[in-house]
file data-v1.cif (mmCIF, C-alpha atoms)
data_my_file
#
loop_
_atom_site.label_atom_id
_atom_site.label_comp_id
_atom_site.auth_asym_id
_atom_site.auth_seq_id
_atom_site.Cartn_x
_atom_site.Cartn_y
_atom_site.Cartn_z
CA MET L 1 -17.33 79.65 53.00
CA ASN L 2 -19.56 81.68 50.67
CA ILE L 3 -22.05 80.29 48.16
CA ALA L 4 -19.77 80.77 45.11
CA GLU L 5 -16.87 78.87 46.74
CA PHE L 6 -19.15 76.17 48.08
CA THR L 7 -20.87 75.71 44.71
CA PHE L 8 -17.52 75.49 42.92
CA LEU L 9 -16.03 72.98 45.37
CA VAL L 10 -19.16 70.81 45.48
CA GLY L 11 -19.36 70.95 41.67
CA ALA L 12 -15.71 69.88 41.34
CA GLY L 13 -16.15 67.08 43.88
CA SER L 14 -19.31 65.89 42.13
CA LEU L 15 -17.53 65.97 38.78
CA ALA L 16 -14.77 63.75 40.15
CA ALA L 17 -17.35 61.42 41.73
CA GLY L 18 -19.30 61.18 38.48
CA PHE L 19 -16.14 60.60 36.44
CA LEU L 20 -14.79 57.84 38.67
CA GLY L 21 -18.26 56.38 39.15
CA ALA L 22 -18.74 56.03 35.40
CA LEU L 23 -15.25 54.58 34.88
CA THR L 24 -15.70 51.95 37.54
CA GLY L 25 -19.37 51.27 36.89
CA LEU L 26 -20.39 51.97 40.48
CA GLY L 27 -22.07 55.31 39.79
CA GLY L 28 -21.39 58.69 41.33
CA GLY L 29 -24.14 58.59 43.94
CA VAL L 30 -22.38 56.05 46.07
CA VAL L 31 -19.53 58.46 46.94
CA LEU L 32 -21.53 61.68 46.71
CA VAL L 33 -23.49 61.36 49.92
CA PRO L 34 -20.39 60.55 52.06
CA LEU L 35 -18.48 63.30 50.25
CA LEU L 36 -21.14 65.88 51.06
CA THR L 37 -21.71 64.76 54.64
CA ILE L 38 -18.13 64.02 55.69
CA PHE L 39 -16.14 66.69 53.81
CA PHE L 40 -18.69 69.47 53.26
CA LYS L 41 -20.58 68.94 56.53
CA VAL L 42 -23.92 68.88 54.73
CA ASP L 43 -26.91 67.47 56.59
CA LEU L 44 -27.58 63.88 55.52
CA HIS L 45 -31.11 64.63 54.33
CA TYR L 46 -29.92 67.43 52.02
CA ALA L 47 -27.13 65.21 50.72
CA ILE L 48 -29.52 62.35 49.93
CA GLY L 49 -31.95 64.71 48.15
CA ALA L 50 -29.19 66.25 45.99
CA SER L 51 -27.73 62.84 45.20
CA LEU L 52 -31.11 61.54 44.02
CA VAL L 53 -31.47 64.38 41.52
CA SER L 54 -27.98 63.70 40.16
CA VAL L 55 -28.72 59.98 39.89
CA ILE L 56 -31.74 60.71 37.69
CA ALA L 57 -29.68 62.90 35.35
CA THR L 58 -26.67 60.58 35.20
CA SER L 59 -28.71 57.47 34.62
CA SER L 60 -30.67 59.10 31.81
CA GLY L 61 -27.50 60.47 30.20
CA SER L 62 -25.58 57.23 30.11
CA ALA L 63 -28.62 55.02 29.49
CA ALA L 64 -29.28 56.92 26.24
CA ALA L 65 -26.10 55.46 24.72
CA TYR L 66 -26.57 51.95 26.08
CA VAL L 67 -30.20 51.73 24.98
CA LYS L 68 -29.33 52.87 21.47
CA GLU L 69 -26.49 50.36 21.14
CA GLY L 70 -28.80 47.52 22.17
CA PHE L 71 -27.03 46.56 25.43
CA SER L 72 -29.88 47.40 27.80
CA ASN L 73 -32.84 45.05 27.87
CA ILE L 74 -35.74 47.46 28.21
CA ARG L 75 -38.27 44.67 28.68
CA ILE L 76 -36.41 43.34 31.74
CA GLY L 77 -35.80 46.88 32.98
CA MET L 78 -39.46 47.89 32.74
CA PHE L 79 -40.63 44.71 34.47
CA LEU L 80 -38.16 44.99 37.34
CA GLU L 81 -38.88 48.71 37.71
CA ILE L 82 -42.26 47.73 39.16
CA ALA L 83 -40.39 46.21 42.11
CA THR L 84 -37.76 48.95 42.44
CA THR L 85 -40.32 51.75 42.24
CA PHE L 86 -42.44 50.31 45.06
CA GLY L 87 -39.27 49.64 47.02
CA ALA L 88 -38.06 53.19 46.44
CA LEU L 89 -41.34 54.64 47.67
CA LEU L 90 -41.08 52.53 50.82
CA GLY L 91 -37.45 53.60 51.31
CA ALA L 92 -38.25 57.28 50.83
CA PHE L 93 -41.15 56.94 53.29
CA LEU L 94 -38.85 55.35 55.85
CA THR L 95 -36.31 58.19 55.65
CA ALA L 96 -38.47 60.43 57.78
CA HIS L 97 -38.93 57.70 60.40
CA VAL L 98 -35.47 56.13 60.58
CA PRO L 99 -32.93 58.01 62.77
CA THR L 100 -30.10 59.74 60.87
CA ARG L 101 -27.41 57.64 62.58
CA ALA L 102 -29.18 54.44 61.51
CA ILE L 103 -29.21 55.70 57.91
CA ALA L 104 -25.48 56.41 58.20
CA ILE L 105 -24.82 52.86 59.46
CA ILE L 106 -26.89 51.29 56.66
CA PHE L 107 -25.09 53.55 54.20
CA GLY L 108 -21.70 52.46 55.53
CA LEU L 109 -22.65 48.79 55.17
CA MET L 110 -23.97 49.41 51.67
CA LEU L 111 -20.66 51.09 50.69
CA LEU L 112 -18.66 48.12 51.98
CA TYR L 113 -20.95 45.77 50.11
CA SER L 114 -20.60 47.82 46.88
CA ALA L 115 -16.81 47.61 47.19
CA TYR L 116 -17.07 43.84 47.69
CA VAL L 117 -19.36 43.43 44.66
CA SER L 118 -16.99 45.48 42.48
CA ARG L 119 -14.16 43.02 43.27
CA LYS L 120 -16.27 39.87 42.96
CA THR L 121 -15.92 37.47 40.05
CA ARG L 122 -18.75 37.73 37.58
CA SER L 123 -21.04 34.78 37.03
CA ARG L 124 -21.23 33.28 33.58
CA SER L 125 -24.55 33.44 31.79
CA GLU L 126 -26.16 30.08 31.17
CA THR L 127 -27.19 29.22 27.65
CA ASP L 128 -27.23 25.43 27.88
CA ARG L 129 -30.10 25.28 30.38
CA PRO L 130 -33.64 25.21 28.92
CA PRO L 131 -35.27 28.66 28.96
CA ASP L 132 -37.32 29.64 32.01
CA SER L 133 -41.06 29.47 31.25
CA LEU L 134 -41.93 32.75 33.00
CA ALA L 135 -39.08 34.61 31.32
CA THR L 136 -40.16 33.20 27.97
CA LYS L 137 -43.75 34.23 28.60
CA LEU L 138 -42.59 37.76 29.42
CA LYS L 139 -40.33 37.74 26.33
CA MET L 140 -37.25 38.54 28.40
CA ASN L 141 -34.79 36.30 26.56
CA SER L 142 -32.90 38.45 24.12
CA ASN L 143 -29.51 39.13 22.55
CA PHE L 144 -26.84 41.83 22.63
CA PRO L 145 -23.84 42.87 20.52
CA ASP L 146 -20.72 41.13 21.84
CA THR L 147 -17.12 41.16 20.60
CA ASN L 148 -17.83 38.01 18.58
CA GLY L 149 -21.10 39.26 17.10
CA ILE L 150 -24.67 39.04 18.36
CA ARG L 151 -24.92 36.85 21.48
CA HIS L 152 -28.16 35.25 22.69
CA TYR L 153 -28.97 34.85 26.39
CA ASN L 154 -31.77 33.38 28.49
CA VAL L 155 -33.19 34.79 31.69
CA TYR L 156 -33.86 32.65 34.82
CA ASN L 157 -35.20 33.00 38.38
CA VAL L 158 -37.50 35.94 37.60
CA PRO L 159 -39.36 35.97 40.97
CA GLN L 160 -36.06 35.88 42.89
CA GLY L 161 -34.67 38.79 40.86
CA PHE L 162 -37.93 40.68 41.37
CA GLY L 163 -37.63 40.27 45.15
CA ILE L 164 -34.01 41.46 45.27
CA MET L 165 -35.00 44.44 43.13
CA PHE L 166 -37.58 45.46 45.72
CA GLY L 167 -34.79 45.56 48.31
CA ALA L 168 -32.55 47.50 45.93
CA GLY L 169 -35.32 50.05 45.38
CA ALA L 170 -35.90 50.42 49.13
CA LEU L 171 -32.20 51.08 49.73
CA SER L 172 -32.12 53.56 46.87
CA GLY L 173 -35.04 55.49 48.35
CA LEU L 174 -33.58 55.36 51.86
CA LEU L 175 -30.01 56.30 50.99
CA GLY L 176 -30.36 58.45 47.87
CA ILE L 177 -28.17 56.24 45.71
CA GLY L 178 -28.84 54.29 42.54
CA SER L 179 -28.02 51.02 44.37
CA GLY L 180 -26.65 49.73 41.08
CA ALA L 181 -24.49 47.21 42.93
CA LEU L 182 -27.54 45.40 44.29
CA LYS L 183 -29.41 45.64 40.99
CA VAL L 184 -26.49 44.03 39.20
CA VAL L 185 -26.48 41.25 41.79
CA ALA L 186 -30.17 40.59 41.11
CA MET L 187 -29.67 40.39 37.37
CA ASP L 188 -26.15 38.97 37.11
CA GLN L 189 -26.16 36.48 39.99
CA ALA L 190 -29.85 35.61 40.40
CA MET L 191 -31.31 35.98 36.92
CA LYS L 192 -28.12 34.85 35.10
CA ILE L 193 -28.18 37.77 32.70
CA PRO L 194 -24.79 38.55 31.06
CA PHE L 195 -22.79 41.12 33.03
CA LYS L 196 -22.76 43.71 30.26
CA VAL L 197 -26.55 43.56 29.90
CA SER L 198 -26.96 43.60 33.70
CA THR L 199 -24.88 46.73 34.21
CA THR L 200 -26.39 48.66 31.32
CA THR L 201 -29.96 47.66 32.19
CA SER L 202 -29.25 48.57 35.81
CA ASN L 203 -27.99 51.95 34.60
CA PHE L 204 -31.25 52.43 32.71
CA MET L 205 -33.26 51.50 35.80
CA ILE L 206 -31.58 53.53 38.54
CA GLY L 207 -32.93 56.81 37.18
CA VAL L 208 -36.50 55.52 37.34
CA THR L 209 -35.99 54.24 40.88
CA ALA L 210 -34.44 57.54 41.95
CA ALA L 211 -37.24 59.51 40.29
CA ALA L 212 -39.84 57.60 42.28
CA SER L 213 -38.23 58.47 45.60
CA ALA L 214 -37.24 62.00 44.47
CA GLY L 215 -40.94 62.89 44.39
CA VAL L 216 -41.28 61.91 48.05
CA TYR L 217 -38.09 63.78 49.01
CA LEU L 218 -39.27 66.85 47.15
CA SER L 219 -42.63 66.88 48.87
CA ARG L 220 -40.86 66.71 52.23
CA GLY L 221 -38.56 69.62 51.37
CA TYR L 222 -35.37 67.51 51.37
CA ILE L 223 -34.24 68.71 47.96
CA ASP L 224 -32.43 72.03 48.21
CA PRO L 225 -32.14 73.45 44.69
CA ALA L 226 -28.99 75.47 45.44
CA LEU L 227 -27.22 72.29 46.56
CA ALA L 228 -28.74 70.01 43.95
CA MET L 229 -27.58 72.36 41.17
CA PRO L 230 -23.77 71.88 41.42
CA VAL L 231 -24.19 68.23 42.35
CA MET L 232 -26.41 67.44 39.37
CA LEU L 233 -24.27 69.37 36.87
CA GLY L 234 -20.99 68.05 38.27
CA VAL L 235 -22.02 64.40 38.31
CA LEU L 236 -23.65 64.64 34.90
CA ILE L 237 -20.60 66.21 33.22
CA GLY L 238 -18.24 63.87 35.09
CA SER L 239 -20.15 60.74 34.13
CA LEU L 240 -20.40 61.79 30.48
CA MET L 241 -16.62 62.38 30.45
CA GLY L 242 -16.09 59.04 32.18
CA THR L 243 -18.21 57.18 29.64
CA ARG L 244 -16.14 58.68 26.80
CA VAL L 245 -12.82 57.88 28.46
CA LEU L 246 -13.98 54.38 29.44
CA VAL L 247 -13.39 52.89 26.00
CA LYS L 248 -9.74 53.99 25.96
CA THR L 249 -8.80 53.26 29.57
CA LYS L 250 -7.75 50.13 31.39
CA THR L 251 -9.94 50.31 34.45
CA LYS L 252 -8.65 47.35 36.47
CA SER L 253 -6.28 49.32 38.72
CA LEU L 254 -8.72 52.24 38.85
CA ARG L 255 -11.46 49.94 40.07
CA LEU L 256 -9.17 48.77 42.86
CA VAL L 257 -8.38 52.34 43.93
CA PHE L 258 -12.04 53.35 43.77
CA SER L 259 -13.04 50.28 45.78
CA LEU L 260 -10.52 51.25 48.46
CA VAL L 261 -11.92 54.81 48.52
CA ILE L 262 -15.40 53.36 48.97
CA VAL L 263 -14.19 51.11 51.79
CA VAL L 264 -12.64 54.11 53.58
CA LEU L 265 -15.81 56.18 53.11
CA GLY L 266 -17.93 53.22 54.25
CA ILE L 267 -15.90 52.80 57.44
CA GLN L 268 -16.11 56.55 58.10
CA MET L 269 -19.89 56.53 57.62
CA LEU L 270 -20.18 53.52 59.92
CA LEU L 271 -18.07 55.18 62.61
CA LYS L 272 -20.03 58.42 62.34
CA GLY L 273 -23.30 56.51 62.55
CA LEU L 274 -22.16 54.46 65.54
CA SER L 275 -20.79 57.50 67.38
CA GLY L 276 -23.86 59.57 66.49
CA SER L 277 -21.75 62.45 65.15
CA ILE L 278 -23.68 62.81 61.92
CA MET D 279 -38.26 35.41 0.40
CA ASN D 280 -39.18 32.30 2.39
CA ASP D 281 -39.14 34.43 5.53
CA LEU D 282 -41.84 36.66 4.10
CA LEU D 283 -44.08 33.66 3.49
CA ASN D 284 -43.81 32.39 7.05
CA PRO D 285 -46.30 34.39 9.21
CA ALA D 286 -44.67 33.45 12.53
CA LEU D 287 -41.22 34.46 11.35
CA LEU D 288 -42.59 37.63 9.81
CA ARG D 289 -44.27 38.52 13.11
CA ASP D 290 -41.01 37.96 14.99
CA ARG D 291 -39.07 40.13 12.55
CA LEU D 292 -41.67 42.88 12.82
CA GLN D 293 -41.57 42.69 16.62
CA GLU D 294 -37.78 42.89 16.57
CA TRP D 295 -37.89 45.90 14.26
CA LEU D 296 -40.46 47.62 16.49
CA ASP D 297 -38.35 46.96 19.60
CA GLN D 298 -35.33 48.48 17.90
CA ARG D 299 -37.31 51.54 16.83
CA ILE D 300 -38.58 52.02 20.39
CA GLU D 301 -35.03 51.77 21.71
CA ILE D 302 -33.79 54.41 19.26
CA VAL D 303 -36.64 56.81 20.01
CA LEU D 304 -36.20 56.27 23.75
CA ALA D 305 -32.48 56.96 23.53
CA GLN D 306 -33.08 60.19 21.60
CA LEU D 307 -35.72 61.32 24.07
CA LEU D 308 -33.41 60.58 26.99
CA ARG D 309 -30.56 62.54 25.46
CA ALA D 310 -32.78 65.50 24.60
CA GLY D 311 -34.32 65.43 28.07
CA VAL D 312 -30.99 65.45 29.85
CA LEU D 313 -29.70 68.30 27.69
CA ALA D 314 -32.83 70.36 28.21
CA SER D 315 -32.77 69.77 31.98
CA ALA D 316 -29.08 70.62 32.22
CA LEU D 317 -29.66 73.83 30.27
CA VAL D 318 -32.45 74.88 32.62
CA VAL D 319 -30.23 74.20 35.64
CA ILE D 320 -27.29 76.10 34.10
CA VAL D 321 -29.45 79.17 33.45
CA GLY D 322 -30.78 78.94 37.01
CA ALA D 323 -27.24 78.55 38.36
CA VAL D 324 -25.96 81.64 36.54
CA LEU D 325 -28.83 83.75 37.78
CA TYR D 326 -28.61 82.39 41.33
CA LEU D 327 -24.87 82.87 41.64
CA GLY D 328 -25.14 86.30 40.02
CA SER D 329 -27.08 87.64 42.96
CA HIS D 330 -26.14 85.40 45.92
CA ALA D 331 -22.50 84.47 45.29
CA ARG D 332 -21.08 86.24 48.34
CA GLU D 333 -23.63 85.10 50.88
CA ARG D 334 -22.60 82.59 53.49
CA VAL D 335 -23.72 79.00 53.19
CA ASP D 336 -25.03 76.68 55.88
CA TYR D 337 -26.23 73.19 55.18
CA GLN D 338 -25.25 71.72 58.53
CA THR D 339 -28.71 72.00 60.00
CA PHE D 340 -31.71 70.82 58.12
CA HIS D 341 -34.52 73.25 57.34
CA ALA D 342 -37.15 71.81 55.04
CA GLN D 343 -37.77 73.78 51.86
CA PRO D 344 -40.81 76.12 51.90
CA GLU D 345 -44.12 74.42 51.24
CA GLN D 346 -44.54 76.23 47.91
CA LEU D 347 -41.28 74.88 46.56
CA ARG D 348 -42.30 71.28 47.10
CA SER D 349 -45.02 70.97 44.53
CA GLY D 350 -44.79 70.95 40.78
CA GLN D 351 -48.46 71.70 40.36
CA TRP D 352 -48.31 75.30 41.52
CA VAL D 353 -45.35 76.08 39.26
CA ALA D 354 -47.08 74.60 36.24
CA HIS D 355 -50.34 76.25 37.24
CA CYS D 356 -48.74 79.68 37.55
CA VAL D 357 -47.03 79.39 34.22
CA SER D 358 -50.12 78.12 32.44
CA CYS D 359 -52.12 81.00 33.87
CA GLY D 360 -49.58 83.46 32.52
CA LEU D 361 -48.96 84.85 35.96
CA THR D 362 -45.38 85.82 35.39
CA ASN D 363 -46.11 89.37 36.49
CA LYS D 364 -47.63 88.15 39.72
CA LEU D 365 -44.65 85.92 40.29
CA THR D 366 -42.33 88.78 39.44
CA GLN D 367 -43.84 90.74 42.28
CA HIS D 368 -43.89 87.99 44.85
CA ALA D 369 -41.69 85.04 44.04
CA ASP D 370 -38.48 84.50 45.88
CA GLY D 371 -36.39 85.29 42.81
CA ASP D 372 -33.67 82.96 41.75
CA ARG D 373 -34.36 80.21 44.26
CA PHE D 374 -37.80 79.92 42.76
CA PHE D 375 -36.38 79.39 39.32
CA VAL D 376 -33.87 76.73 40.30
CA SER D 377 -36.55 75.09 42.42
CA GLY D 378 -38.97 75.24 39.54
CA ALA D 379 -36.52 73.42 37.33
CA MET D 380 -35.90 70.76 39.95
CA VAL D 381 -39.60 70.40 40.65
CA VAL D 382 -40.29 69.86 36.98
CA VAL D 383 -37.48 67.30 36.75
CA ALA D 384 -38.58 65.33 39.78
CA ARG D 385 -42.33 65.62 39.42
CA ALA D 386 -42.51 64.97 35.74
CA SER D 387 -40.28 61.97 36.09
CA SER D 388 -42.05 60.42 39.03
CA SER D 389 -45.45 60.91 37.45
CA GLY D 390 -44.27 59.24 34.27
CA GLU D 391 -42.97 56.03 35.77
CA THR D 392 -46.08 54.06 35.00
CA ASP D 393 -45.49 54.61 31.34
CA GLY D 394 -41.95 53.43 31.69
CA CYS D 395 -40.77 56.82 30.55
CA ARG D 396 -37.62 58.17 32.05
CA ALA D 397 -37.05 61.07 34.30
CA ALA D 398 -35.22 63.36 32.02
CA THR D 399 -37.38 62.55 29.06
CA LEU D 400 -40.42 63.90 30.77
CA SER D 401 -38.57 66.71 32.41
CA ALA D 402 -37.54 67.90 29.00
CA VAL D 403 -41.12 67.83 27.86
CA GLY D 404 -42.07 69.74 30.99
CA CYS D 405 -39.27 72.23 30.50
CA SER D 406 -40.06 72.85 26.90
CA ARG D 407 -43.59 73.75 27.83
CA LEU D 408 -42.47 76.52 30.13
CA PRO D 409 -42.38 79.99 28.65
CA MET D 410 -38.73 80.29 29.61
CA PRO D 411 -37.90 83.82 28.50
CA CYS D 412 -40.83 85.19 30.51
CA CYS D 413 -39.84 83.18 33.55
CA ILE D 414 -36.18 84.06 33.36
CA THR D 415 -36.63 87.76 32.89
CA GLY D 416 -39.63 88.00 35.14
CA LEU D 417 -38.76 85.88 38.13
CA PHE D 418 -35.40 87.32 38.98
CA GLN D 419 -36.15 90.99 39.12
CA ASN D 420 -37.98 91.51 42.37
CA PRO D 421 -37.22 89.05 45.14
CA GLY D 422 -39.99 88.98 47.67
CA SER D 423 -41.88 86.71 49.91
CA LEU D 424 -42.59 83.43 48.25
CA SER D 425 -45.34 82.70 50.67
CA ARG D 426 -47.37 85.44 49.01
CA ALA D 427 -46.86 83.94 45.60
CA LEU D 428 -49.39 81.18 45.89
CA CYS D 429 -50.50 80.44 42.44
CA CYS D 430 -53.32 81.81 40.44
CA PRO D 431 -55.19 83.88 42.95
CA ALA D 432 -58.36 85.32 41.53
CA THR D 433 -56.86 87.86 39.18
#

call {"tool": "encode", "arguments": {"input": "data-v1.cif", "output": "structure tokens"}}
result
Amino acid sequence: MNIAEFTFLVGAGSLAAGFLGALTGLGGGVVLVPLLTIFFKVDLHYAIGASLVSVIATSSGSAAAYVKEGFSNIRIGMFLEIATTFGALLGAFLTAHVPTRAIAIIFGLMLLYSAYVSRKTRSRSETDRPPDSLATKLKMNSNFPDTNGIRHYNVYNVPQGFGIMFGAGALSGLLGIGSGALKVVAMDQAMKIPFKVSTTTSNFMIGVTAAASAGVYLSRGYIDPALAMPVMLGVLIGSLMGTRVLVKTKTKSLRLVFSLVIVVLGIQMLLKGLSGSI
Amino acid sequence: MNDLLNPALLRDRLQEWLDQRIEIVLAQLLRAGVLASALVVIVGAVLYLGSHARERVDYQTFHAQPEQLRSGQWVAHCVSCGLTNKLTQHADGDRFFVSGAMVVVARASSSGETDGCRAATLSAVGCSRLPMPCCITGLFQNPGSLSRALCCPAT
């Protein structure tokens, strides 16, 4: 395969990944790395580096809309980014020391977990409980535009959420994904933040987390510009298209299909990691 | 009117207004940053594919990128020194340009995290500072050894 064909095919695959990732809320990065390694036979380190660059672009592109509309809670995002950034640096540091097959196994498990989270019932935000003192001190309690007007919410379990975010950051740095699934768990399940705010704030955060580890990957020579180019452009265009289509589409069945795709990719990554053929 | 007479309420309203303003500015910066970064990558892609489209590709085995392509400082340093001619003679053509764009994106973003700024926001700032026309016309004419293109030698 020559460079033109490869660039076109990778760009098209990345576009599809970005489009479906935006529609289902799981992000393009989670299918990009398996796509590149399994179908395009790209070395895992190159794939992770390219995916990280695309995650930065996608996150920034979609976060722009969410921030402007008042869904993302920047205060929460900025605070939790302290944990994810340190985690991401640790994860990126570990990449050079963890064997490739181990990364593939962790990636496979992460994919299966992402699929599980996407099917899980969302927790309801708690408004009847008294506000958490730490969250109040950090001015995290806020409101967002809901279908019935402006809705207020309180934030709880800040230290617990902070801890989970460190883990999410480490996985992001290690695997080259946004690890949005884990970030949403920290905010939605642990901190009791409404799902809409959790997903949009997570979207805002994943770019920062990816940027922290991208610096480490870049300094190690893991980011190949010729590969990152079609991946970044494809995912960016795909996710922007997905965000536009999202408002008009019923995503329930699509989420199911995408979850199944992730399960298949996860199993394939696990098998490749276990057999050492990656 | 009563709201204006209550200092605590007034402070809250002002804080809320400031938060909203920050959100709007941040959103605009993010959008501009992503657009600017994408444009840089598209220009790089056109130039790269224009000269290397028919070459064979191999990403199966990992070879780390050259040392010079891993640092944003040397790119910025070269550009700030106006060494486009030097780079024209020595830089590894199109790969340098695409790399440069990526370096700016990644470096600028990672260095800006402490401010809470976003990746693309800073990358756009970084990109806009580059004298693009000089880079584009200069860097792609004479491919050569990148290892000789270490920045700002005593000229």

call {"tool": "atom_distance", "arguments": {"input": "data-v1.cif", "atom1": "atom CA of L:Leu270", "atom2": "atom CA of L:Pro34"}}
result
10.5 Å

call {"tool": "residues_near_point", "arguments": {"input": "data-v1.cif", "point": "(-15.3, 67.1, 54.8)", "cutoff": "12 Å", "atoms": "all atoms listed in the file", "output": "PyMOL selection string"}}
result
(chain L and resi 6+9-10+13+32-43+265+268-269+278) or (chain D and resi 338)

call {"tool": "residues_around", "arguments": {"input": "data-v1.cif", "residues": "L:Phe107", "least_positions_apart": "6", "cutoff": "12 Å", "atoms": "all atoms listed in the file", "output": "VMD selection string"}}
result
chain L and resid 29 to 34 37 44 48 100 to 101 113 to 114 171 to 177 179 262 to 263 265 to 274

call {"tool": "write_last_selection", "arguments": {"input": "data-v1.cif", "atoms": "C-alpha atoms", "output": "tab-separated table (two decimals), in the coordinates of the input"}}
result
chain	number	residue	atom	x	y	z
L	29	GLY	CA	-24.14	58.59	43.94
L	30	VAL	CA	-22.38	56.05	46.07
L	31	VAL	CA	-19.53	58.46	46.94
L	32	LEU	CA	-21.53	61.68	46.71
L	33	VAL	CA	-23.49	61.36	49.92
L	34	PRO	CA	-20.39	60.55	52.06
L	37	THR	CA	-21.71	64.76	54.64
L	44	LEU	CA	-27.58	63.88	55.52
L	48	ILE	CA	-29.52	62.35	49.93
L	100	THR	CA	-30.10	59.74	60.87
L	101	ARG	CA	-27.41	57.64	62.58
L	113	TYR	CA	-20.95	45.77	50.11
L	114	SER	CA	-20.60	47.82	46.88
L	171	LEU	CA	-32.20	51.08	49.73
L	172	SER	CA	-32.12	53.56	46.87
L	173	GLY	CA	-35.04	55.49	48.35
L	174	LEU	CA	-33.58	55.36	51.86
L	175	LEU	CA	-30.01	56.30	50.99
L	176	GLY	CA	-30.36	58.45	47.87
L	177	ILE	CA	-28.17	56.24	45.71
L	179	SER	CA	-28.02	51.02	44.37
L	262	ILE	CA	-15.40	53.36	48.97
L	263	VAL	CA	-14.19	51.11	51.79
L	265	LEU	CA	-15.81	56.18	53.11
L	266	GLY	CA	-17.93	53.22	54.25
L	267	ILE	CA	-15.90	52.80	57.44
L	268	GLN	CA	-16.11	56.55	58.10
L	269	MET	CA	-19.89	56.53	57.62
L	270	LEU	CA	-20.18	53.52	59.92
L	271	LEU	CA	-18.07	55.18	62.61
L	272	LYS	CA	-20.03	58.42	62.34
L	273	GLY	CA	-23.30	56.51	62.55
L	274	LEU	CA	-22.16	54.46	65.54

call {"tool": "closest_residue", "arguments": {"input": "data-v1.cif", "among": "L:Thr209, L:Thr200, L:Thr243, L:Ser259", "to": "L:Phe86", "atoms": "all atoms listed in the file"}}
result
L:Thr209

call {"tool": "closest_residue", "arguments": {"input": "data-v1.cif", "among": "L:Phe204, L:Phe195, L:Phe19, L:Tyr156", "to": "chain D", "atoms": "all atoms listed in the file"}}
result
L:Phe204

call {"tool": "resolve_selection", "arguments": {"input": "data-v1.cif", "expression": "the PyMOL selection byres ((chain L) within 7 of (chain D))", "output": "ChimeraX atom specification"}}
result
/L:1-4,41-43,56-57,60-61,64-65,67-68,78,207-208,211-212,214-215,218-222,224-225,229,233

call {"tool": "write_last_selection", "arguments": {"input": "data-v1.cif", "atoms": "C-alpha atoms", "output": "mmCIF file, in the frame of the given file"}}
result
data_model
loop_
_atom_site.group_PDB
_atom_site.id
_atom_site.type_symbol
_atom_site.label_atom_id
_atom_site.label_comp_id
_atom_site.auth_asym_id
_atom_site.auth_seq_id
_atom_site.Cartn_x
_atom_site.Cartn_y
_atom_site.Cartn_z
ATOM 1 C CA MET L 1 -17.330 79.650 53.000
ATOM 2 C CA ASN L 2 -19.560 81.680 50.670
ATOM 3 C CA ILE L 3 -22.050 80.290 48.160
ATOM 4 C CA ALA L 4 -19.770 80.770 45.110
ATOM 5 C CA LYS L 41 -20.580 68.940 56.530
ATOM 6 C CA VAL L 42 -23.920 68.880 54.730
ATOM 7 C CA ASP L 43 -26.910 67.470 56.590
ATOM 8 C CA ILE L 56 -31.740 60.710 37.690
ATOM 9 C CA ALA L 57 -29.680 62.900 35.350
ATOM 10 C CA SER L 60 -30.670 59.100 31.810
ATOM 11 C CA GLY L 61 -27.500 60.470 30.200
ATOM 12 C CA ALA L 64 -29.280 56.920 26.240
ATOM 13 C CA ALA L 65 -26.100 55.460 24.720
ATOM 14 C CA VAL L 67 -30.200 51.730 24.980
ATOM 15 C CA LYS L 68 -29.330 52.870 21.470
ATOM 16 C CA MET L 78 -39.460 47.890 32.740
ATOM 17 C CA GLY L 207 -32.930 56.810 37.180
ATOM 18 C CA VAL L 208 -36.500 55.520 37.340
ATOM 19 C CA ALA L 211 -37.240 59.510 40.290
ATOM 20 C CA ALA L 212 -39.840 57.600 42.280
ATOM 21 C CA ALA L 214 -37.240 62.000 44.470
ATOM 22 C CA GLY L 215 -40.940 62.890 44.390
ATOM 23 C CA LEU L 218 -39.270 66.850 47.150
ATOM 24 C CA SER L 219 -42.630 66.880 48.870
ATOM 25 C CA ARG L 220 -40.860 66.710 52.230
ATOM 26 C CA GLY L 221 -38.560 69.620 51.370
ATOM 27 C CA TYR L 222 -35.370 67.510 51.370
ATOM 28 C CA ASP L 224 -32.430 72.030 48.210
ATOM 29 C CA PRO L 225 -32.140 73.450 44.690
ATOM 30 C CA MET L 229 -27.580 72.360 41.170
ATOM 31 C CA LEU L 233 -24.270 69.370 36.870
#
